[in-house]
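> One structure, as structure tokens, below. Some questions next.
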Amino acid sequence: MPLLEIRNLAVEFGTARGRFRAVDGVDVTLDAGEILCVVGESGSGKSVSMLAVMGLIAWPGKVSADVMRFDGTDLMGLSSRQRRKLVGRDVAMVFQEPTTSLNPCYPVGWQIGEALRQHAAVPRNKVRDRVVELLDQVGIPDPASRLGAFPHQLSGGMNQRVMIAMAISCNPRLLIADEPTTALDVTIQKQILDLLIDLQRSRGMALALITHDMGVVAETAQRVQVMYAGQMVEEQPTDALFAAPRHPYTAALLAALPERAMGQSRLPTIPGMVPGIDDRPEGCLFSPRCAFATDLCRSTAPALKGLPGERTRCHTPLDREGRPVARA
Amino acid sequence: MQANAVRRHYPVGGGLLGKRGVVKAVDGVSFTLARGRTLAVVGESGCGKSTLARMAALLEAPSDGALLLDGQTTAGRSEAERRQMRLGVQMVFQNPYGSLNPRKTVGAILDEPLVINHRGNPAERLAAVRAMMDRVGLRPDQIDRYPHMFSGGQRQRIAIARALMLNPAVVVADEPVSALDVSIQAQVLNLMMDLQDELQLAYLFISHDLSVVRHIAAEVMVMYCGRPVEHGPKASIFATPRHPYTQMLLAATPSVDPARRKQAVTIKGELPSPLNPPRGCAFASRCPYATPRCTDERPEPRPFEGHLVACHHAESIAERVLF
């Protein structure tokens, strides 16, 4: 049984111009000890889908799913009291901007201890020792002296370590990290990613990493899901995805990376832009920008096809040479 | 544009009981930027690259050292003369959401530099604005739209168009694509390179993203704690980095290409405080090659294999590459 199983997740927001589907038809399966990367450009719904798993979508957002199970527990049917028992203990999350996600009014030691006290993970008189131990695990030098430090006294990298310490305080089985390194410098980013992978390996956690950085994906993930305009368009093991992307969007996105365009003076681009709230096209959402779009693509939305772990939402997915295959 | 050992120091503190200090944001940077060339300045946050950009754009005067534009010094000029010189250097900022006035239409934004500098009559200015919109890939019929009606990439095009309205010789671009998605980033980089070819612009390109720098730059300068640590032609900086910090930056940048990936790199430490910089080499506390000499004596940039490298041990490091 997978640790996290989601089928046909949708998140809708009521707007003045009617309902807007920010996330549509997302399937996620994640096993214990696995690293999954969710990648997409801004507005592709990658954060919203993971917030939905955490139950952090507030009104007027509406979450629906055919199946949303964590370790056999149906997340959709949980009362908020039951959910609070799960979230923070078995499922934890690290957010993008460490300096703004921490509470500026409390010392970091207290903030980490809050999770431990809330979930009664350790006896009250042991909380302090446990916090010191956690700070040490995430690589903060001289942890005992940092307990009283406020977030503004620590650097961005240190604050992100505090966030991670907080997230792993109750030994979660699933850690969701939403762009954990985007606000950090590359050398610090490398340190944080190494730390996350070390923790993931040593604790056998499942790690869902949301990012827009293809380099980060290539270096950390075992499996990748690519999101576009709220839909999952492709899922593949990491090496296969970078070697032979099957969805034209993934292929175009990889081609646009400066790193891949060595020696070319011009970068290949994707014409047009991501459809907004009121110009979603008929049929495939990528069809107006797709180099291989046919009449079928423009009229009928493709379904997600393939086996879990290797799926594509495309009528004519690309073969190894990057040409669309003839439709069966 | 030429910079000779420019420095910018800020006094800080000095409150009721506080101690006065000096932050050496930029401490001795020299470069020469020719027409049609791109010099990229890379480094982590706090290394002084944005302060350097502000000085290059003549928004701030160097505390020490000389900045020359077209062979003429910028120091000791009257306000009127400086304003005249500033026309030759324009700036593109990082965040296109914050750098455009939300209450002005695109037309007004692009018209403003012309109005301020008394260029042409209204009909000529309108024609110039339309021509520039066309040149940067915006539809001239969208001239009456406001910035919020454009996407991030289009806004950055507006910001670039605004910088080019006065035909500058130098464009200082401070992280121009950092806030953009990959597919949009590619469009803006292409536009910048096309414009450089057409108009023979010189770019001072500030960035922290090495893959972008690798694509657009001709020369690269790596900064650390306000000082240049390595400076040289792009190809050799990326192929044979000689300063341990450059090596560390390259190793830390995640790569989509498995062949270029460096495994088993451990990076330790963080940047030292600019208020209290170490006496010797600023990088010594994080450097795997550091010796007592490094903590005592500050290395000055010196020529080595066609680069300028500020490291005591460049020769021995060249032989054994750790990263």
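Chain labels follow the order of the structure tokens: the first chain is A, the next B, and so on; residue numbering restarts at 1 in every chain, and ligands are counted from 1 in their shown order.
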Using only C-alpha atoms, select each residue of chain A with any atom at most 8 Å away from an atom of chain B, and give the selection as a PDB file with C-alpha atoms, in the first residue's frame.


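Result written to iface_17.pdb:
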```
ATOM      1  CA  GLU A  41       6.223  27.132 -13.549  1.00  0.00           C
ATOM      2  CA  SER A  42       4.536  29.688 -11.334  1.00  0.00           C
ATOM      3  CA  ASP A 185      22.073  31.190  -2.326  1.00  0.00           C
ATOM      4  CA  VAL A 186      23.432  28.227  -4.295  1.00  0.00           C
ATOM      5  CA  THR A 187      26.031  27.146  -1.769  1.00  0.00           C
ATOM      6  CA  ILE A 188      23.428  27.256   1.012  1.00  0.00           C
ATOM      7  CA  GLN A 189      20.908  25.572  -1.300  1.00  0.00           C
ATOM      8  CA  LYS A 190      23.324  22.701  -1.762  1.00  0.00           C
ATOM      9  CA  GLN A 191      23.730  22.359   2.002  1.00  0.00           C
ATOM     10  CA  HIS A 212      10.681  25.072 -10.354  1.00  0.00           C
ATOM     11  CA  MET A 214      15.159  21.657 -13.137  1.00  0.00           C
ATOM     12  CA  GLY A 215      18.702  21.347 -11.813  1.00  0.00           C
ATOM     13  CA  VAL A 216      17.392  20.633  -8.318  1.00  0.00           C
ATOM     14  CA  VAL A 217      14.980  18.054  -9.763  1.00  0.00           C
ATOM     15  CA  ALA A 218      17.712  16.282 -11.694  1.00  0.00           C
ATOM     16  CA  GLU A 219      19.975  16.055  -8.672  1.00  0.00           C
ATOM     17  CA  PHE A 242      15.587  14.150 -18.679  1.00  0.00           C
ATOM     18  CA  LEU A 253      10.803  23.411 -20.904  1.00  0.00           C
ATOM     19  CA  ALA A 256      14.672  26.382 -22.819  1.00  0.00           C
ATOM     20  CA  LEU A 257      17.226  25.820 -20.063  1.00  0.00           C
ATOM     21  CA  PRO A 258      20.373  27.843 -20.743  1.00  0.00           C
ATOM     22  CA  GLU A 259      22.387  24.862 -19.585  1.00  0.00           C
ATOM     23  CA  ALA A 261      21.568  25.286 -25.070  1.00  0.00           C
ATOM     24  CA  MET A 262      25.350  25.176 -24.969  1.00  0.00           C
ATOM     25  CA  SER A 265      23.326  31.783 -29.383  1.00  0.00           C
ATOM     26  CA  ARG A 266      19.547  31.759 -29.093  1.00  0.00           C
ATOM     27  CA  LEU A 267      17.595  29.784 -26.563  1.00  0.00           C
ATOM     28  CA  PRO A 268      14.614  27.806 -27.811  1.00  0.00           C
ATOM     29  CA  THR A 269      11.501  29.363 -26.296  1.00  0.00           C
ATOM     30  CA  ILE A 270       7.903  28.364 -25.765  1.00  0.00           C
TER      31      ILE A 270
END
```

> Which polymer residues have any atom within 12 Å of an atom of A:Phe70, counting only C-alpha atoms, with same-chain residues fewer than 5 positions away left out, as a tab-separated table (two decimals) with C-alpha atoms, in the first residue's frame?


```
chain	number	residue	atom	x	y	z
A	1	MET	CA	0.00	0.00	0.00
A	2	PRO	CA	1.48	3.39	-0.92
A	3	LEU	CA	2.06	5.86	1.88
A	4	LEU	CA	0.24	8.63	0.09
A	5	GLU	CA	-2.36	7.93	-2.55
A	6	ILE	CA	-4.31	10.63	-4.33
A	7	ARG	CA	-6.56	10.18	-7.29
A	28	VAL	CA	-0.03	11.19	-6.68
A	29	THR	CA	1.29	7.95	-5.30
A	30	LEU	CA	4.22	8.08	-2.99
A	31	ASP	CA	5.86	5.16	-1.19
A	32	ALA	CA	7.80	5.28	2.02
A	53	VAL	CA	-2.90	17.31	1.07
A	54	MET	CA	-2.01	19.21	4.23
A	75	LEU	CA	-7.89	12.43	4.48
A	76	MET	CA	-11.11	13.73	2.92
A	77	GLY	CA	-13.31	12.37	5.69
A	78	LEU	CA	-11.24	13.63	8.60
A	83	ARG	CA	-6.51	16.12	10.88
A	86	LEU	CA	-1.96	13.87	11.77
A	87	VAL	CA	-0.57	17.07	10.33
A	90	ASP	CA	3.02	12.13	10.44
A	91	VAL	CA	2.90	14.65	7.61
A	172	PRO	CA	7.07	12.44	10.15
A	173	ARG	CA	6.68	9.70	7.60
A	174	LEU	CA	6.02	12.18	4.82
A	206	ALA	CA	8.98	9.95	1.94
```

> Please list as a PDB file with C-alpha atoms, in the first residue's frame every residue within 12 Å of stretch 88-94 of chain B, counting only C-alpha atoms and excluding residues in the same chain fewer than 5 positions away.


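Output file result01.pdb follows:
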```
ATOM      1  CA  MET B   1      33.128  51.938 -19.115  1.00  0.00           C
ATOM      2  CA  ARG B  35      30.905  48.284 -26.506  1.00  0.00           C
ATOM      3  CA  SER B  50      24.067  45.229  -6.437  1.00  0.00           C
ATOM      4  CA  ALA B  53      25.523  47.944 -10.173  1.00  0.00           C
ATOM      5  CA  ARG B  54      24.284  51.108  -8.496  1.00  0.00           C
ATOM      6  CA  MET B  55      27.694  52.694  -8.802  1.00  0.00           C
ATOM      7  CA  ALA B  56      28.015  51.668 -12.433  1.00  0.00           C
ATOM      8  CA  ALA B  57      24.621  53.231 -13.125  1.00  0.00           C
ATOM      9  CA  LEU B  58      25.923  56.434 -11.508  1.00  0.00           C
ATOM     10  CA  LEU B  59      23.223  56.273  -8.861  1.00  0.00           C
ATOM     11  CA  LEU B  68      35.319  56.304 -16.204  1.00  0.00           C
ATOM     12  CA  LEU B  69      32.706  56.500 -18.885  1.00  0.00           C
ATOM     13  CA  ASP B  70      33.960  56.806 -22.436  1.00  0.00           C
ATOM     14  CA  THR B  74      32.642  60.600 -13.338  1.00  0.00           C
ATOM     15  CA  GLU B  81      27.148  67.156 -15.908  1.00  0.00           C
ATOM     16  CA  ARG B  82      26.382  63.989 -13.984  1.00  0.00           C
ATOM     17  CA  ARG B  83      22.837  64.033 -15.258  1.00  0.00           C
ATOM     18  CA  SER B  99       9.968  48.602 -10.863  1.00  0.00           C
ATOM     19  CA  LEU B 100       7.099  49.840 -13.043  1.00  0.00           C
ATOM     20  CA  PRO B 113      12.629  59.525 -20.093  1.00  0.00           C
ATOM     21  CA  GLY B 152       6.048  39.061 -15.810  1.00  0.00           C
ATOM     22  CA  GLY B 153       7.998  38.484 -19.001  1.00  0.00           C
ATOM     23  CA  ARG B 155       6.807  43.619 -17.910  1.00  0.00           C
ATOM     24  CA  GLN B 156      10.506  42.883 -18.075  1.00  0.00           C
ATOM     25  CA  ARG B 157      10.298  43.760 -21.778  1.00  0.00           C
ATOM     26  CA  ILE B 158       8.758  47.100 -20.788  1.00  0.00           C
ATOM     27  CA  ALA B 159      11.563  47.666 -18.281  1.00  0.00           C
ATOM     28  CA  ILE B 160      14.150  46.921 -20.964  1.00  0.00           C
ATOM     29  CA  ALA B 161      12.377  49.209 -23.430  1.00  0.00           C
ATOM     30  CA  ARG B 162      12.380  52.006 -20.851  1.00  0.00           C
ATOM     31  CA  ALA B 163      16.118  51.574 -20.328  1.00  0.00           C
ATOM     32  CA  LEU B 164      16.741  51.799 -24.063  1.00  0.00           C
ATOM     33  CA  MET B 165      14.615  54.891 -24.772  1.00  0.00           C
ATOM     34  CA  LEU B 166      17.609  57.235 -24.482  1.00  0.00           C
ATOM     35  CA  ASN B 167      20.004  55.098 -26.548  1.00  0.00           C
ATOM     36  CA  PRO B 168      22.416  54.285 -23.742  1.00  0.00           C
ATOM     37  CA  ALA B 169      25.822  52.786 -24.429  1.00  0.00           C
ATOM     38  CA  VAL B 170      25.771  50.704 -21.251  1.00  0.00           C
ATOM     39  CA  VAL B 171      22.881  48.806 -19.699  1.00  0.00           C
ATOM     40  CA  VAL B 172      23.265  47.690 -16.112  1.00  0.00           C
ATOM     41  CA  ALA B 173      20.985  44.712 -15.567  1.00  0.00           C
ATOM     42  CA  ASP B 174      20.580  43.697 -11.932  1.00  0.00           C
ATOM     43  CA  GLU B 175      19.267  40.112 -11.903  1.00  0.00           C
ATOM     44  CA  PRO B 176      16.970  40.784 -14.869  1.00  0.00           C
ATOM     45  CA  VAL B 177      15.670  37.213 -15.235  1.00  0.00           C
ATOM     46  CA  SER B 178      15.792  35.925 -11.663  1.00  0.00           C
ATOM     47  CA  ALA B 179      12.103  36.552 -11.038  1.00  0.00           C
ATOM     48  CA  LEU B 180      10.984  34.855 -14.253  1.00  0.00           C
ATOM     49  CA  VAL B 188      14.025  37.727 -22.234  1.00  0.00           C
ATOM     50  CA  MET B 192      18.668  41.014 -24.592  1.00  0.00           C
ATOM     51  CA  LEU B 201      25.100  47.656 -26.172  1.00  0.00           C
ATOM     52  CA  ALA B 202      27.496  46.914 -23.363  1.00  0.00           C
ATOM     53  CA  TYR B 203      25.896  44.915 -20.554  1.00  0.00           C
ATOM     54  CA  LEU B 204      26.932  44.809 -16.960  1.00  0.00           C
ATOM     55  CA  PHE B 205      24.961  41.721 -16.080  1.00  0.00           C
ATOM     56  CA  ILE B 206      24.489  41.037 -12.389  1.00  0.00           C
ATOM     57  CA  SER B 207      23.319  37.547 -11.557  1.00  0.00           C
ATOM     58  CA  HIS B 208      23.613  34.704  -9.125  1.00  0.00           C
TER      59      HIS B 208
END
```

> Of the candidates B:Pro272, B:Pro102, B:Pro301, B:Pro244, which shows the shortest atom-to-atom distance to B:Cys287, using only C-alpha atoms?

B:Pro244

> If you run DSSP on this backbone, which residues of stretch 61-265 of chain A come out as strand (DSSP E or B), and could you give them as number ranges by chain?

A: 61-64, 67-70, 73-74, 87, 91-94, 174-178, 206-211, 223-228, 231-237

> Within 12 Å of B:Gly71, counting only C-alpha atoms, which residues show up once you throw out same-chain ones fewer than 4 positions away? Write them as a PyMOL selection string, please.

chain B and resi 1-4+32-34+66-67+85

> Would you mind exporting the chosen residues as a tab-separated table (two decimals), in the first residue's frame, restricted to C-alpha atoms?


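out-v2.tsv, written as the output of this step:
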```tsv
chain	number	residue	atom	x	y	z
B	1	MET	CA	33.13	51.94	-19.11
B	2	GLN	CA	36.12	51.47	-16.92
B	3	ALA	CA	36.40	51.02	-13.18
B	4	ASN	CA	39.66	51.41	-11.33
B	32	THR	CA	36.83	47.38	-18.38
B	33	LEU	CA	33.63	47.03	-20.34
B	34	ALA	CA	33.76	47.61	-24.10
B	66	ALA	CA	37.68	56.06	-10.35
B	67	LEU	CA	34.82	55.21	-12.62
B	85	MET	CA	26.56	61.35	-18.19
```

> Near A:Pro60, counting only C-alpha atoms, which residues have an atom at most 9 Å away, once you skip same-chain residues fewer than 5 positions from it, shown as a ChimeraX atom specification?

/A:12-15
